[in-house]
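The file final-v6.tsv comes next; it holds TSV, N, CA and C atoms.
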chain	number	residue	atom	x	y	z
A	1	GLN	N	139.86	92.12	108.56
A	1	GLN	CA	141.21	91.82	109.02
A	1	GLN	C	141.85	93.10	109.53
A	2	VAL	N	142.48	93.02	110.69
A	2	VAL	CA	143.12	94.17	111.32
A	2	VAL	C	144.62	93.96	111.31
A	3	GLN	N	145.34	94.98	110.91
A	3	GLN	CA	146.80	94.93	110.92
A	3	GLN	C	147.34	95.99	111.86
A	4	VAL	N	148.35	95.62	112.61
A	4	VAL	CA	149.02	96.54	113.54
A	4	VAL	C	150.50	96.54	113.19
A	5	VAL	N	151.03	97.70	112.88
A	5	VAL	CA	152.41	97.80	112.43
A	5	VAL	C	153.16	98.83	113.27
A	6	GLU	N	154.27	98.38	113.85
A	6	GLU	CA	155.11	99.26	114.66
A	6	GLU	C	156.37	99.63	113.88
A	7	SER	N	156.97	100.75	114.29
A	7	SER	CA	158.27	101.14	113.75
A	7	SER	C	158.96	102.05	114.76
A	8	GLY	N	160.27	102.23	114.55
A	8	GLY	CA	160.99	103.22	115.34
A	8	GLY	C	161.97	102.69	116.36
A	9	GLY	N	162.08	101.38	116.51
A	9	GLY	CA	163.04	100.85	117.46
A	9	GLY	C	164.47	101.05	116.99
A	10	GLY	N	165.40	100.66	117.84
A	10	GLY	CA	166.80	100.78	117.47
A	10	GLY	C	167.72	100.71	118.67
A	11	LEU	N	168.97	101.09	118.42
A	11	LEU	CA	170.02	101.08	119.45
A	11	LEU	C	170.32	102.52	119.84
A	12	VAL	N	170.34	102.78	121.13
A	12	VAL	CA	170.61	104.13	121.62
A	12	VAL	C	171.42	104.03	122.91
A	13	GLN	N	172.22	105.05	123.18
A	13	GLN	CA	172.97	105.09	124.42
A	13	GLN	C	172.08	105.55	125.56
A	14	ALA	N	172.47	105.16	126.77
A	14	ALA	CA	171.73	105.60	127.95
A	14	ALA	C	171.64	107.12	127.98
A	15	GLY	N	170.45	107.62	128.32
A	15	GLY	CA	170.20	109.05	128.31
A	15	GLY	C	169.62	109.57	127.01
A	16	GLY	N	169.63	108.73	125.99
A	16	GLY	CA	169.12	109.12	124.69
A	16	GLY	C	167.63	108.98	124.57
A	17	SER	N	167.13	109.23	123.35
A	17	SER	CA	165.70	109.20	123.09
A	17	SER	C	165.39	108.38	121.85
A	18	LEU	N	164.19	107.83	121.83
A	18	LEU	CA	163.64	107.15	120.66
A	18	LEU	C	162.14	107.43	120.61
A	19	ARG	N	161.59	107.36	119.41
A	19	ARG	CA	160.15	107.52	119.23
A	19	ARG	C	159.61	106.33	118.47
A	20	LEU	N	158.67	105.62	119.08
A	20	LEU	CA	158.03	104.49	118.43
A	20	LEU	C	156.69	104.94	117.85
A	21	SER	N	156.34	104.32	116.73
A	21	SER	CA	155.05	104.59	116.09
A	21	SER	C	154.30	103.28	115.89
A	22	CYS	N	152.98	103.37	115.92
A	22	CYS	CA	152.14	102.19	115.70
A	22	CYS	C	150.86	102.63	115.02
A	23	SER	N	150.53	101.95	113.93
A	23	SER	CA	149.29	102.22	113.21
A	23	SER	C	148.47	100.96	113.09
A	24	ALA	N	147.18	101.09	113.32
A	24	ALA	CA	146.25	99.98	113.17
A	24	ALA	C	145.32	100.27	112.00
A	25	SER	N	145.08	99.26	111.18
A	25	SER	CA	144.24	99.47	110.00
A	25	SER	C	143.37	98.25	109.76
A	26	GLY	N	142.28	98.48	109.05
A	26	GLY	CA	141.35	97.41	108.73
A	26	GLY	C	139.97	98.00	108.54
A	27	ARG	N	139.20	97.36	107.69
A	27	ARG	CA	137.90	97.91	107.32
A	27	ARG	C	136.98	98.07	108.53
A	28	THR	N	137.08	97.16	109.50
A	28	THR	CA	136.19	97.20	110.65
A	28	THR	C	136.84	97.81	111.89
A	29	PHE	N	138.05	98.32	111.73
A	29	PHE	CA	138.76	98.75	112.93
A	29	PHE	C	138.50	100.20	113.28
A	30	SER	N	138.08	100.37	114.53
A	30	SER	CA	138.01	101.68	115.17
A	30	SER	C	138.50	101.45	116.59
A	31	ALA	N	139.45	102.26	117.01
A	31	ALA	CA	140.11	101.98	118.28
A	31	ALA	C	139.27	102.39	119.48
A	32	SER	N	139.32	101.58	120.52
A	32	SER	CA	138.83	102.00	121.84
A	32	SER	C	140.01	102.38	122.72
A	33	ALA	N	141.15	101.77	122.46
A	33	ALA	CA	142.38	102.10	123.18
A	33	ALA	C	143.55	101.55	122.39
A	34	MET	N	144.69	102.19	122.54
A	34	MET	CA	145.93	101.69	121.96
A	34	MET	C	147.04	101.92	122.97
A	35	GLY	N	147.99	101.01	122.97
A	35	GLY	CA	149.04	101.15	123.97
A	35	GLY	C	150.27	100.34	123.64
A	36	TRP	N	151.22	100.41	124.55
A	36	TRP	CA	152.52	99.77	124.39
A	36	TRP	C	152.80	98.84	125.57
A	37	PHE	N	153.35	97.70	125.22
A	37	PHE	CA	153.86	96.74	126.18
A	37	PHE	C	155.30	96.44	125.79
A	38	ARG	N	156.05	95.85	126.71
A	38	ARG	CA	157.41	95.46	126.38
A	38	ARG	C	157.76	94.15	127.06
A	39	GLN	N	158.70	93.45	126.45
A	39	GLN	CA	159.18	92.18	127.01
A	39	GLN	C	160.70	92.22	127.06
A	40	PRO	N	161.26	92.45	128.26
A	40	PRO	CA	162.71	92.44	128.41
A	40	PRO	C	163.24	91.02	128.23
A	41	PRO	N	164.52	90.87	127.94
A	41	PRO	CA	165.10	89.53	127.77
A	41	PRO	C	164.89	88.66	128.99
A	42	GLY	N	164.34	87.48	128.80
A	42	GLY	CA	164.15	86.53	129.88
A	42	GLY	C	163.03	86.85	130.84
A	43	LYS	N	162.22	87.87	130.52
A	43	LYS	CA	161.14	88.26	131.41
A	43	LYS	C	159.80	88.22	130.69
A	44	GLU	N	158.73	88.40	131.47
A	44	GLU	CA	157.39	88.40	130.89
A	44	GLU	C	157.06	89.78	130.31
A	45	ARG	N	156.09	89.78	129.43
A	45	ARG	CA	155.62	91.03	128.85
A	45	ARG	C	154.96	91.89	129.93
A	46	GLU	N	155.22	93.19	129.86
A	46	GLU	CA	154.68	94.11	130.86
A	46	GLU	C	154.11	95.35	130.20
A	47	HIS	N	153.15	95.96	130.89
A	47	HIS	CA	152.52	97.17	130.38
A	47	HIS	C	153.47	98.36	130.49
A	48	VAL	N	153.45	99.22	129.48
A	48	VAL	CA	154.24	100.43	129.49
A	48	VAL	C	153.33	101.67	129.53
A	49	ALA	N	152.46	101.80	128.55
A	49	ALA	CA	151.58	102.98	128.49
A	49	ALA	C	150.38	102.67	127.61
A	50	THR	N	149.24	103.26	127.96
A	50	THR	CA	148.01	103.08	127.21
A	50	THR	C	147.26	104.40	127.11
A	51	MET	N	146.60	104.61	125.99
A	51	MET	CA	145.74	105.77	125.82
A	51	MET	C	144.33	105.33	125.43
A	52	ARG	N	143.34	105.79	126.17
A	52	ARG	CA	141.95	105.56	125.81
A	52	ARG	C	141.58	106.49	124.65
A	53	TRP	N	140.92	105.96	123.62
A	53	TRP	CA	140.63	106.77	122.46
A	53	TRP	C	139.55	107.83	122.75
A	54	SER	N	138.56	107.44	123.57
A	54	SER	CA	137.53	108.41	123.93
A	54	SER	C	137.99	109.18	125.15
A	55	GLY	N	138.29	110.43	124.99
A	55	GLY	CA	138.73	111.26	126.09
A	55	GLY	C	140.23	111.41	126.21
A	56	GLY	N	140.97	110.45	125.69
A	56	GLY	CA	142.42	110.58	125.68
A	56	GLY	C	143.12	110.32	127.00
A	57	SER	N	142.46	109.65	127.93
A	57	SER	CA	143.12	109.34	129.20
A	57	SER	C	144.35	108.46	128.95
A	58	THR	N	145.37	108.70	129.76
A	58	THR	CA	146.61	107.94	129.60
A	58	THR	C	146.98	107.24	130.90
A	59	TYR	N	147.68	106.13	130.76
A	59	TYR	CA	148.10	105.32	131.89
A	59	TYR	C	149.52	104.87	131.63
A	60	TYR	N	150.36	104.99	132.65
A	60	TYR	CA	151.77	104.65	132.52
A	60	TYR	C	152.21	103.70	133.63
A	61	ALA	N	153.16	102.85	133.29
A	61	ALA	CA	153.84	102.07	134.31
A	61	ALA	C	154.69	103.02	135.15
A	62	ASP	N	154.82	102.71	136.43
A	62	ASP	CA	155.60	103.58	137.32
A	62	ASP	C	157.04	103.74	136.82
A	63	SER	N	157.57	102.70	136.23
A	63	SER	CA	158.97	102.71	135.81
A	63	SER	C	159.26	103.69	134.68
A	64	VAL	N	158.22	104.15	133.98
A	64	VAL	CA	158.45	105.04	132.83
A	64	VAL	C	157.84	106.43	133.03
A	65	LYS	N	157.11	106.63	134.11
A	65	LYS	CA	156.48	107.93	134.35
A	65	LYS	C	157.52	109.04	134.38
A	66	GLY	N	157.23	110.12	133.69
A	66	GLY	CA	158.14	111.25	133.63
A	66	GLY	C	159.19	111.14	132.55
A	67	ARG	N	159.32	109.97	131.95
A	67	ARG	CA	160.32	109.78	130.87
A	67	ARG	C	159.67	109.45	129.54
A	68	PHE	N	158.57	108.70	129.56
A	68	PHE	CA	157.88	108.29	128.33
A	68	PHE	C	156.57	109.06	128.21
A	69	THR	N	156.19	109.36	126.97
A	69	THR	CA	154.92	110.03	126.69
A	69	THR	C	154.21	109.34	125.55
A	70	ILE	N	152.96	108.98	125.77
A	70	ILE	CA	152.15	108.39	124.71
A	70	ILE	C	151.27	109.47	124.11
A	71	SER	N	151.15	109.46	122.78
A	71	SER	CA	150.31	110.43	122.09
A	71	SER	C	149.66	109.74	120.89
A	72	ARG	N	148.81	110.45	120.18
A	72	ARG	CA	148.07	109.80	119.10
A	72	ARG	C	147.74	110.75	117.97
A	73	GLU	N	147.43	110.14	116.82
A	73	GLU	CA	146.73	110.81	115.73
A	73	GLU	C	145.42	110.04	115.61
A	74	LYS	N	144.37	110.58	116.19
A	74	LYS	CA	143.13	109.83	116.36
A	74	LYS	C	142.54	109.37	115.03
A	75	SER	N	142.53	110.26	114.05
A	75	SER	CA	141.89	109.93	112.78
A	75	SER	C	142.62	108.86	112.00
A	76	ARG	N	143.89	108.64	112.34
A	76	ARG	CA	144.70	107.66	111.63
A	76	ARG	C	144.92	106.40	112.45
A	77	ASN	N	144.24	106.27	113.59
A	77	ASN	CA	144.43	105.11	114.47
A	77	ASN	C	145.92	104.85	114.68
A	78	THR	N	146.64	105.91	114.99
A	78	THR	CA	148.08	105.84	115.18
A	78	THR	C	148.44	106.33	116.58
A	79	VAL	N	149.34	105.62	117.21
A	79	VAL	CA	149.81	106.00	118.54
A	79	VAL	C	151.34	106.05	118.53
A	80	TYR	N	151.88	106.95	119.32
A	80	TYR	CA	153.32	107.14	119.41
A	80	TYR	C	153.77	106.94	120.85
A	81	LEU	N	155.02	106.56	121.00
A	81	LEU	CA	155.64	106.50	122.32
A	81	LEU	C	156.96	107.24	122.25
A	82	GLN	N	157.00	108.41	122.84
A	82	GLN	CA	158.23	109.17	122.93
A	82	GLN	C	158.96	108.74	124.19
A	83	MET	N	160.17	108.24	124.01
A	83	MET	CA	160.94	107.70	125.13
A	83	MET	C	162.19	108.56	125.32
A	84	ASN	N	162.26	109.23	126.44
A	84	ASN	CA	163.40	110.08	126.76
A	84	ASN	C	164.16	109.52	127.96
A	85	ASN	N	165.39	109.99	128.11
A	85	ASN	CA	166.24	109.56	129.23
A	85	ASN	C	166.21	108.03	129.36
A	86	LEU	N	166.47	107.36	128.26
A	86	LEU	CA	166.42	105.91	128.26
A	86	LEU	C	167.50	105.30	129.13
A	87	LYS	N	167.15	104.17	129.73
A	87	LYS	CA	168.05	103.46	130.63
A	87	LYS	C	168.28	102.05	130.09
A	88	PRO	N	169.39	101.42	130.46
A	88	PRO	CA	169.62	100.04	129.99
A	88	PRO	C	168.46	99.10	130.34
A	89	GLU	N	167.80	99.33	131.45
A	89	GLU	CA	166.68	98.46	131.82
A	89	GLU	C	165.44	98.67	130.96
A	90	ASP	N	165.46	99.64	130.07
A	90	ASP	CA	164.38	99.81	129.10
A	90	ASP	C	164.56	98.90	127.89
A	91	THR	N	165.70	98.22	127.82
A	91	THR	CA	165.94	97.30	126.72
A	91	THR	C	164.89	96.21	126.69
A	92	ALA	N	164.23	96.06	125.54
A	92	ALA	CA	163.13	95.10	125.42
A	92	ALA	C	162.63	95.10	123.98
A	93	VAL	N	161.80	94.11	123.69
A	93	VAL	CA	160.98	94.17	122.48
A	93	VAL	C	159.70	94.89	122.86
A	94	TYR	N	159.38	95.94	122.12
A	94	TYR	CA	158.19	96.75	122.41
A	94	TYR	C	157.08	96.35	121.44
A	95	TYR	N	155.92	96.08	122.02
A	95	TYR	CA	154.76	95.65	121.25
A	95	TYR	C	153.63	96.67	121.37
A	96	CYS	N	152.96	96.88	120.27
A	96	CYS	CA	151.78	97.73	120.25
A	96	CYS	C	150.53	96.86	120.35
A	97	LYS	N	149.60	97.30	121.16
A	97	LYS	CA	148.31	96.62	121.31
A	97	LYS	C	147.20	97.57	120.92
A	98	ALA	N	146.35	97.11	120.03
A	98	ALA	CA	145.22	97.91	119.57
A	98	ALA	C	143.92	97.21	119.95
A	99	SER	N	143.09	97.89	120.70
A	99	SER	CA	141.81	97.32	121.13
A	99	SER	C	140.70	97.87	120.23
A	100	ARG	N	139.90	96.97	119.70
A	100	ARG	CA	138.88	97.36	118.74
A	100	ARG	C	137.57	97.73	119.43
A	101	ALA	N	137.06	98.89	119.13
A	101	ALA	CA	135.81	99.36	119.72
A	101	ALA	C	134.64	98.53	119.23
A	102	GLY	N	133.76	98.15	120.16
A	102	GLY	CA	132.54	97.47	119.80
A	102	GLY	C	132.66	95.97	119.68
A	103	TRP	N	133.90	95.46	119.60
A	103	TRP	CA	134.10	94.02	119.41
A	103	TRP	C	134.72	93.37	120.65
A	104	GLY	N	135.44	94.13	121.45
A	104	GLY	CA	136.06	93.58	122.64
A	104	GLY	C	137.28	92.72	122.38
A	105	ASP	N	137.90	92.90	121.23
A	105	ASP	CA	139.09	92.10	120.94
A	105	ASP	C	140.30	93.01	120.77
A	106	ASP	N	141.47	92.37	120.84
A	106	ASP	CA	142.74	93.08	120.79
A	106	ASP	C	143.61	92.52	119.68
A	107	TYR	N	144.43	93.39	119.14
A	107	TYR	CA	145.37	93.01	118.09
A	107	TYR	C	146.76	93.51	118.47
A	108	TRP	N	147.75	92.69	118.14
A	108	TRP	CA	149.14	93.00	118.51
A	108	TRP	C	149.99	93.18	117.26
A	109	GLY	N	150.96	94.06	117.38
A	109	GLY	CA	151.96	94.19	116.35
A	109	GLY	C	153.03	93.13	116.50
A	110	GLN	N	153.98	93.15	115.57
A	110	GLN	CA	155.01	92.12	115.53
A	110	GLN	C	156.15	92.41	116.51
A	111	GLY	N	156.20	93.62	117.03
A	111	GLY	CA	157.25	93.99	117.98
A	111	GLY	C	158.39	94.71	117.32
A	112	THR	N	159.01	95.62	118.07
A	112	THR	CA	160.19	96.33	117.59
A	112	THR	C	161.21	96.37	118.72
A	113	GLN	N	162.47	96.08	118.38
A	113	GLN	CA	163.52	95.97	119.38
A	113	GLN	C	164.04	97.35	119.77
A	114	VAL	N	164.13	97.57	121.07
A	114	VAL	CA	164.78	98.76	121.61
A	114	VAL	C	165.93	98.28	122.49
A	115	THR	N	167.13	98.74	122.18
A	115	THR	CA	168.31	98.36	122.94
A	115	THR	C	168.99	99.63	123.45
A	116	VAL	N	169.20	99.71	124.77
A	116	VAL	CA	169.83	100.86	125.38
A	116	VAL	C	171.17	100.41	125.96
A	117	SER	N	172.25	100.98	125.45
A	117	SER	CA	173.58	100.61	125.93
A	117	SER	C	174.02	101.54	127.06
A	118	SER	N	174.80	101.00	127.96
A	118	SER	CA	175.26	101.80	129.11
A	118	SER	C	176.57	102.51	128.81
With the file now loaded, output its structure as C-alpha cells.
Amino acid sequence: QVQVVESGGGLVQAGGSLRLSCSASGRTFSASAMGWFRQPPGKEREHVATMRWSGGSTYYADSVKGRFTISREKSRNTVYLQMNNLKPEDTAVYYCKASRAGWGDDYWGQGTQVTVSS
C-alpha cells in the first residue's frame, strides 16, 4: 500500500510565498517521478511541475516558470514546491502525484488548498 501525503497550503496575499511538501511511503514504493498538479475552481486539473527521480530533470508549466521551484529529498521520497510571487490565478487545490518505479502506476495525495488574495 502506498500513501501520499501533502502539506503546506494556505491563504496568502498576492506576491507572497508558500512551500508545499509531499511524501510518499509504502513497503514497495520507490519513486520514478514525483510532481504537482492543480485544479483551479471550476476548471480541470493541470500540470504544474514534475521531477524525474533518476537524474533530477524538472519540467514546469509555462504559467509557473521562474516563480515555482520543485526540489526533493530523494532518500525520503519527498518533493517540495516552493511558490514565490504568487498570483490570484494560482488559487487551486494542489495535488501531489507519485509514480512508482518498476510498476508503472501512479498515486495521488488528497490535495491541499492554496488561496491567493488580490
Discussion item. Please determine, counting only N, CA and C atoms, which residue among A:Asp62, A:Ala31, A:Leu18, A:Trp53 has the shortest atom-to-atom distance to Leu81 (chain A).
Written reply: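 Closest to Leu81 (chain A) of all the choices is A:Leu18.
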Worksheet item: Mind listing as a ChimeraX atom specification all residues within 10 Å of (155.0, 91.9, 126.8), counting only C-alpha atoms?
Response: /A:36-40,43-48,92-97,111
Item to complete: Please provide the set of residues having any atom within 9 Å of region 25-28 of chain A, restricted to only C-alpha atoms, with same-chain residues fewer than 4 positions apart removed, written as a list of chain:residue names.
Response: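 Contacts, with the query itself left out: A:Gln1, A:Val2, A:Gln3, A:Val4, A:Val5, A:Arg76, A:Asn77, A:Arg100.
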Worksheet entry | Separation of atom C of Leu20 (chain A) from atom C of Asp105 (chain A) in Å | 20.5 Å
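The shortest atom-to-atom distance to Leu86 (chain A), with all atoms listed in the file taken into account, belongs to A:Ser17 out of A:Thr58, A:Ser17, A:Thr112, A:Thr50.
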Fill in: Residues near Arg19 (chain A), cut-off 8 Å, only C-alpha atoms, skip fewer than 4 positions along chain, as a PyMOL selection string
chain A and resi 8-9+80-83
For region 6-69 of chain A in the structure I just supplied, write out C-alpha atoms - as a PDB file, in the first residue's frame.
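What landed in decode-v8.pdb:
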ATOM      1  CA  GLU A   6       0.744  16.688   1.134  1.00  0.00           C
ATOM      2  CA  SER A   7       1.043  19.676   3.437  1.00  0.00           C
ATOM      3  CA  GLY A   8       1.757  23.388   3.339  1.00  0.00           C
ATOM      4  CA  GLY A   9      -1.233  25.001   1.671  1.00  0.00           C
ATOM      5  CA  GLY A  10      -2.937  28.092   2.979  1.00  0.00           C
ATOM      6  CA  LEU A  11      -4.033  31.659   2.363  1.00  0.00           C
ATOM      7  CA  VAL A  12      -1.516  34.220   1.152  1.00  0.00           C
ATOM      8  CA  GLN A  13      -1.627  37.673  -0.400  1.00  0.00           C
ATOM      9  CA  ALA A  14      -0.574  38.252  -3.984  1.00  0.00           C
ATOM     10  CA  GLY A  15       3.203  38.488  -4.211  1.00  0.00           C
ATOM     11  CA  GLY A  16       3.679  36.178  -1.253  1.00  0.00           C
ATOM     12  CA  SER A  17       5.216  32.733  -0.990  1.00  0.00           C
ATOM     13  CA  LEU A  18       4.227  29.255   0.130  1.00  0.00           C
ATOM     14  CA  ARG A  19       6.053  25.932   0.268  1.00  0.00           C
ATOM     15  CA  LEU A  20       4.238  22.666  -0.310  1.00  0.00           C
ATOM     16  CA  SER A  21       5.582  19.307   0.804  1.00  0.00           C
ATOM     17  CA  CYS A  22       4.688  15.800  -0.323  1.00  0.00           C
ATOM     18  CA  SER A  23       5.917  12.454   0.958  1.00  0.00           C
ATOM     19  CA  ALA A  24       5.218   9.034  -0.499  1.00  0.00           C
ATOM     20  CA  SER A  25       5.584   5.903   1.599  1.00  0.00           C
ATOM     21  CA  GLY A  26       4.969   2.199   1.355  1.00  0.00           C
ATOM     22  CA  ARG A  27       6.894  -1.029   1.517  1.00  0.00           C
ATOM     23  CA  THR A  28       7.054  -1.388  -2.270  1.00  0.00           C
ATOM     24  CA  PHE A  29       7.365   2.255  -3.154  1.00  0.00           C
ATOM     25  CA  SER A  30      10.362   3.679  -4.929  1.00  0.00           C
ATOM     26  CA  ALA A  31       9.764   6.786  -6.984  1.00  0.00           C
ATOM     27  CA  SER A  32      10.393   7.148 -10.692  1.00  0.00           C
ATOM     28  CA  ALA A  33       8.966  10.665 -10.649  1.00  0.00           C
ATOM     29  CA  MET A  34       7.033  12.964  -8.351  1.00  0.00           C
ATOM     30  CA  GLY A  35       5.224  16.125  -9.191  1.00  0.00           C
ATOM     31  CA  TRP A  36       2.476  18.629  -8.604  1.00  0.00           C
ATOM     32  CA  PHE A  37      -0.807  19.265 -10.337  1.00  0.00           C
ATOM     33  CA  ARG A  38      -3.504  21.782  -9.503  1.00  0.00           C
ATOM     34  CA  GLN A  39      -7.212  22.211 -10.060  1.00  0.00           C
ATOM     35  CA  PRO A  40      -8.493  25.792 -10.047  1.00  0.00           C
ATOM     36  CA  PRO A  41     -12.162  26.374  -9.155  1.00  0.00           C
ATOM     37  CA  GLY A  42     -14.417  25.256 -11.993  1.00  0.00           C
ATOM     38  CA  LYS A  43     -11.527  24.052 -14.136  1.00  0.00           C
ATOM     39  CA  GLU A  44      -9.779  20.799 -14.956  1.00  0.00           C
ATOM     40  CA  ARG A  45      -6.674  19.546 -13.219  1.00  0.00           C
ATOM     41  CA  GLU A  46      -3.458  20.786 -14.822  1.00  0.00           C
ATOM     42  CA  HIS A  47       0.223  20.004 -14.574  1.00  0.00           C
ATOM     43  CA  VAL A  48       2.403  22.355 -12.542  1.00  0.00           C
ATOM     44  CA  ALA A  49       5.831  20.755 -12.089  1.00  0.00           C
ATOM     45  CA  THR A  50       7.463  17.324 -12.165  1.00  0.00           C
ATOM     46  CA  MET A  51      10.849  15.952 -11.190  1.00  0.00           C
ATOM     47  CA  ARG A  52      12.305  12.722 -12.559  1.00  0.00           C
ATOM     48  CA  TRP A  53      13.921  10.768  -9.730  1.00  0.00           C
ATOM     49  CA  SER A  54      16.765   9.432 -11.874  1.00  0.00           C
ATOM     50  CA  GLY A  55      18.840  12.413 -12.898  1.00  0.00           C
ATOM     51  CA  GLY A  56      16.620  15.039 -11.340  1.00  0.00           C
ATOM     52  CA  SER A  57      15.247  16.536 -14.553  1.00  0.00           C
ATOM     53  CA  THR A  58      12.484  19.032 -13.946  1.00  0.00           C
ATOM     54  CA  TYR A  59       9.508  20.148 -16.004  1.00  0.00           C
ATOM     55  CA  TYR A  60       7.321  23.182 -15.407  1.00  0.00           C
ATOM     56  CA  ALA A  61       4.124  24.600 -16.799  1.00  0.00           C
ATOM     57  CA  ASP A  62       4.762  27.851 -18.647  1.00  0.00           C
ATOM     58  CA  SER A  63       2.486  29.698 -16.241  1.00  0.00           C
ATOM     59  CA  VAL A  64       4.773  28.991 -13.255  1.00  0.00           C
ATOM     60  CA  LYS A  65       8.253  29.101 -14.802  1.00  0.00           C
ATOM     61  CA  GLY A  66      10.512  31.496 -12.936  1.00  0.00           C
ATOM     62  CA  ARG A  67       8.190  31.617  -9.917  1.00  0.00           C
ATOM     63  CA  PHE A  68       7.873  27.991  -8.732  1.00  0.00           C
ATOM     64  CA  THR A  69      10.705  25.577  -7.950  1.00  0.00           C
TER      65      THR A  69
END
